[in-house]
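Student: Okay, here's the structure, questions in a sec.
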Amino acid sequence: MMNMNPIGVFDSGVGGLSVLREIQALMPSENIIYFGDQGHVPYGPRPMEQIQDFSEGITRYLLAQHAKIIVVACNTASAAALTYLRQTFPDVQFVGMEPAVKPAVEKTQTGKVGVLATPATFQGALYVSVVERFANGVELFQDTCSGLVQQIETGNLNGDETRKILEDALYPMMEKNIDTVVLGCTHYPFVIPLIEKIVGEKVRVIDPAPAVAKQVKRLLEAGGMMNQDKQDGKIRFITSGKADSVRSIIKVLLGVTGDVEAFTWKNDREIQ
Ligand code: DGL
């Protein structure tokens with residue numbers, strides 16, 4: 001029975017769908033329950049404690065829906081809350097995100113790498129530790145792409161505002177001769193086509209989502225928890241925002257029409 005239970009995936013909004021699509025491509029039979037916290041998006045400018053409360057509330061909710069593993073498909077929530085979640089739920093397996101500095105450092109030729117992520121991700125201890133462990137003398141240039149998460153939440157993947165935010169972030173990095181850009185926020189893979197237009201062919205863009213999906217698969221296999229069913233798995237979308245708008249943005253981002261259930265927060269830690 002456990003094997004048919006869903007993989008729980010959450011994010012502050014639609015960003016985690018960039019991870020969900022990789023999980024689905026790798027393990028099409030798995031059932032998935034996706035929680036987008038549109039009621040609180042963006043997480044990036046919020047205090048760490050608040051993001052911990054939200055992450056705990058969502059985790060409790062996903063566990064109540066029998067999630068067999070929890071994917072924190074949000075760099076910001078991973079930076080702010082992953083350690084806390086592992087302490088609070090010691091029996092639960094979590095997979096989190098961390099900025100893909102390691103593969104970028106392995107690949108760069110110029111020794112200069114750009115990292116795009118939210119303010120909370122850059123402030124967290126996780127980023128500091130990733131840089132300490134993996135930067136290895138490579139120079140990193142950070143930008144928070146202020147406002148980009150909100151543009152992607154409204155489905156603006158190619159408009160003037162989105163382009164301006166990305167150009168303001170990337171042109172100064174290109175002047176520094178970066179040859180690799182790390183997407184340290186799960187919303188950003190949805191603007192890869194635009195990023196590639198701006199940076200051109202010589203700059204490599206790294207999306208960590210496929211590696212995260214592989215890690216989920218490894219853990220499920222190791223625990224004997226893969227769904228053996230041959231049929232395609234079901235996906236349930238939950239939002240703490242407006243179901244209608246989330247339904248239409250899912251169509252834009254994933255090209256599927258999914259049913260979306262809306263729930264409201266009772267307080268910062270409990271979902272009704
Ligand atoms: N998708 C998030 C991340 O990976 C979210 C950003 C936000 O809500 O600010 O960091």
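Labels used: A, B, ... for chains in the order of the structure tokens, numbers from 1 for residues in each chain, and numbers from 1 for ligands as shown.
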Neighbouring residues of ligand 1 are defined here as those with any atom at most 10 Å from a ligand atom, counting only C-alpha atoms and all ligand atoms; list them as a PyMOL selection string.
Tutor: chain A and resi 10-19+36-38+40-46+51+72-80+96-99+116-122+144-150+152-153+183-189
Student: Hey, could you make a per-residue contact list for segment 227-266 of chain A against segment 60-67 of chain A with 12 Å as the cut-off, showing the nearest pair of atoms and its distance in Å to one decimal, counting only C-alpha atoms, sorted by chain and number, as JSON lines?
Tutor:
{"residue": "A:Arg236", "atom": "CA", "partner": "A:Gln65", "partner_atom": "CA", "distance": 10.5}
{"residue": "A:Phe237", "atom": "CA", "partner": "A:Leu62", "partner_atom": "CA", "distance": 11.5}
{"residue": "A:Ile238", "atom": "CA", "partner": "A:Leu62", "partner_atom": "CA", "distance": 10.0}
{"residue": "A:Thr239", "atom": "CA", "partner": "A:Tyr61", "partner_atom": "CA", "distance": 11.8}
{"residue": "A:Ser240", "atom": "CA", "partner": "A:Tyr61", "partner_atom": "CA", "distance": 11.7}
{"residue": "A:Phe263", "atom": "CA", "partner": "A:Tyr61", "partner_atom": "CA", "distance": 10.4}
{"residue": "A:Thr264", "atom": "CA", "partner": "A:Tyr61", "partner_atom": "CA", "distance": 11.6}
{"residue": "A:Trp265", "atom": "CA", "partner": "A:Tyr61", "partner_atom": "CA", "distance": 10.7}
Student: I'd like to know which residues of segment 13-188 of chain A are alpha helix (DSSP H) (by DSSP, run on the backbone); could you write them as a VMD selection string?
Tutor: chain A and resid 17 to 26 48 to 64 75 to 88 101 to 107 119 to 123 125 to 134 148 to 153 160 to 175
Student: Choose the residue, out of A:Gly159, A:Gly111, A:Pro28, A:Pro103, that has the smallest atom-to-atom separation from Ile206 of chain A; count only C-alpha atoms.
Tutor: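 For Ile206 of chain A, the nearest of the candidates is A:Pro103.
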Student: Write out as JSON, numbers by chain which residues come within 7 Å of Val9 of chain A when counting only C-alpha atoms, dropping same-chain ones fewer than 2 positions away.
Tutor: {"A": [7, 33, 34, 35, 70, 71, 72, 73]}
Student: Residues near Glu106 of chain A, anyone? I mean within 12 Å using only C-alpha atoms, not counting same-chain ones fewer than 6 positions away, as a ChimeraX atom specification.
Tutor: /A:100,112-113,134-138,179-180,206
Student: Name all residues at most 10 Å from Gly258 of chain A (count only C-alpha atoms; drop same-chain ones fewer than 3 positions away) and give them as a VMD selection string.
Tutor: chain A and resid 234 to 237 246 to 248 250 to 251 254 to 255 261
Student: Could you take the residues named above and write them with N, CA and C atoms, as a compact mmCIF listing (two decimals), in the first residue's frame?
Tutor:
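After the write, again34.txt holds the following:
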# COMPACT_ATOMS: atom_id res chain seq x y z
N LYS A 234 -1.35 9.37 -10.66
CA LYS A 234 -2.27 10.52 -10.60
C LYS A 234 -1.55 11.69 -9.92
N ILE A 235 -1.89 12.89 -10.35
CA ILE A 235 -1.31 14.06 -9.70
C ILE A 235 -2.43 14.90 -9.10
N ARG A 236 -2.27 15.22 -7.82
CA ARG A 236 -3.23 16.11 -7.15
C ARG A 236 -2.54 17.45 -6.93
N PHE A 237 -3.15 18.52 -7.36
CA PHE A 237 -2.59 19.85 -7.14
C PHE A 237 -3.37 20.53 -6.03
N VAL A 246 -4.42 29.21 -10.42
CA VAL A 246 -3.37 28.18 -10.41
C VAL A 246 -3.63 27.16 -11.53
N ARG A 247 -4.89 26.84 -11.76
CA ARG A 247 -5.23 25.91 -12.84
C ARG A 247 -4.73 26.45 -14.19
N SER A 248 -4.96 27.76 -14.43
CA SER A 248 -4.53 28.27 -15.74
C SER A 248 -3.01 28.39 -15.85
N ILE A 250 -0.86 26.37 -14.42
CA ILE A 250 -0.36 24.99 -14.63
C ILE A 250 -0.44 24.63 -16.11
N LYS A 251 -1.51 25.08 -16.73
CA LYS A 251 -1.69 24.82 -18.17
C LYS A 251 -0.55 25.48 -18.96
N LEU A 254 2.99 23.56 -17.62
CA LEU A 254 3.16 22.12 -17.85
C LEU A 254 2.42 21.62 -19.08
N GLY A 255 1.53 22.46 -19.59
CA GLY A 255 0.74 22.05 -20.75
C GLY A 255 -0.32 21.01 -20.41
N GLU A 261 -7.19 21.81 -6.06
CA GLU A 261 -7.99 21.98 -4.83
C GLU A 261 -7.42 23.14 -4.03
Student: Segment 32-72 of chain A near segment 84-90 of chain A within 9 Å: what's each residue's closest atom pair and its distance in Å to one decimal, counting only C-alpha atoms, ordered by chain then ascending residue number, as a tab-separated table?
Tutor:
residue	atom	partner	partner_atom	distance
A:Gln52	CA	A:Tyr84	CA	7.1
A:Ser55	CA	A:Leu85	CA	7.6
A:Glu56	CA	A:Leu85	CA	6.6
A:Thr59	CA	A:Leu85	CA	8.2
Student: So which one's closest to Val182 of chain A, A:Val92, A:Ile32, A:Leu140, A:Met225? Using only C-alpha atoms, please.
Tutor: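 Of A:Val92, A:Ile32, A:Leu140, A:Met225, the one nearest Val182 of chain A, counting only C-alpha atoms, is A:Leu140.
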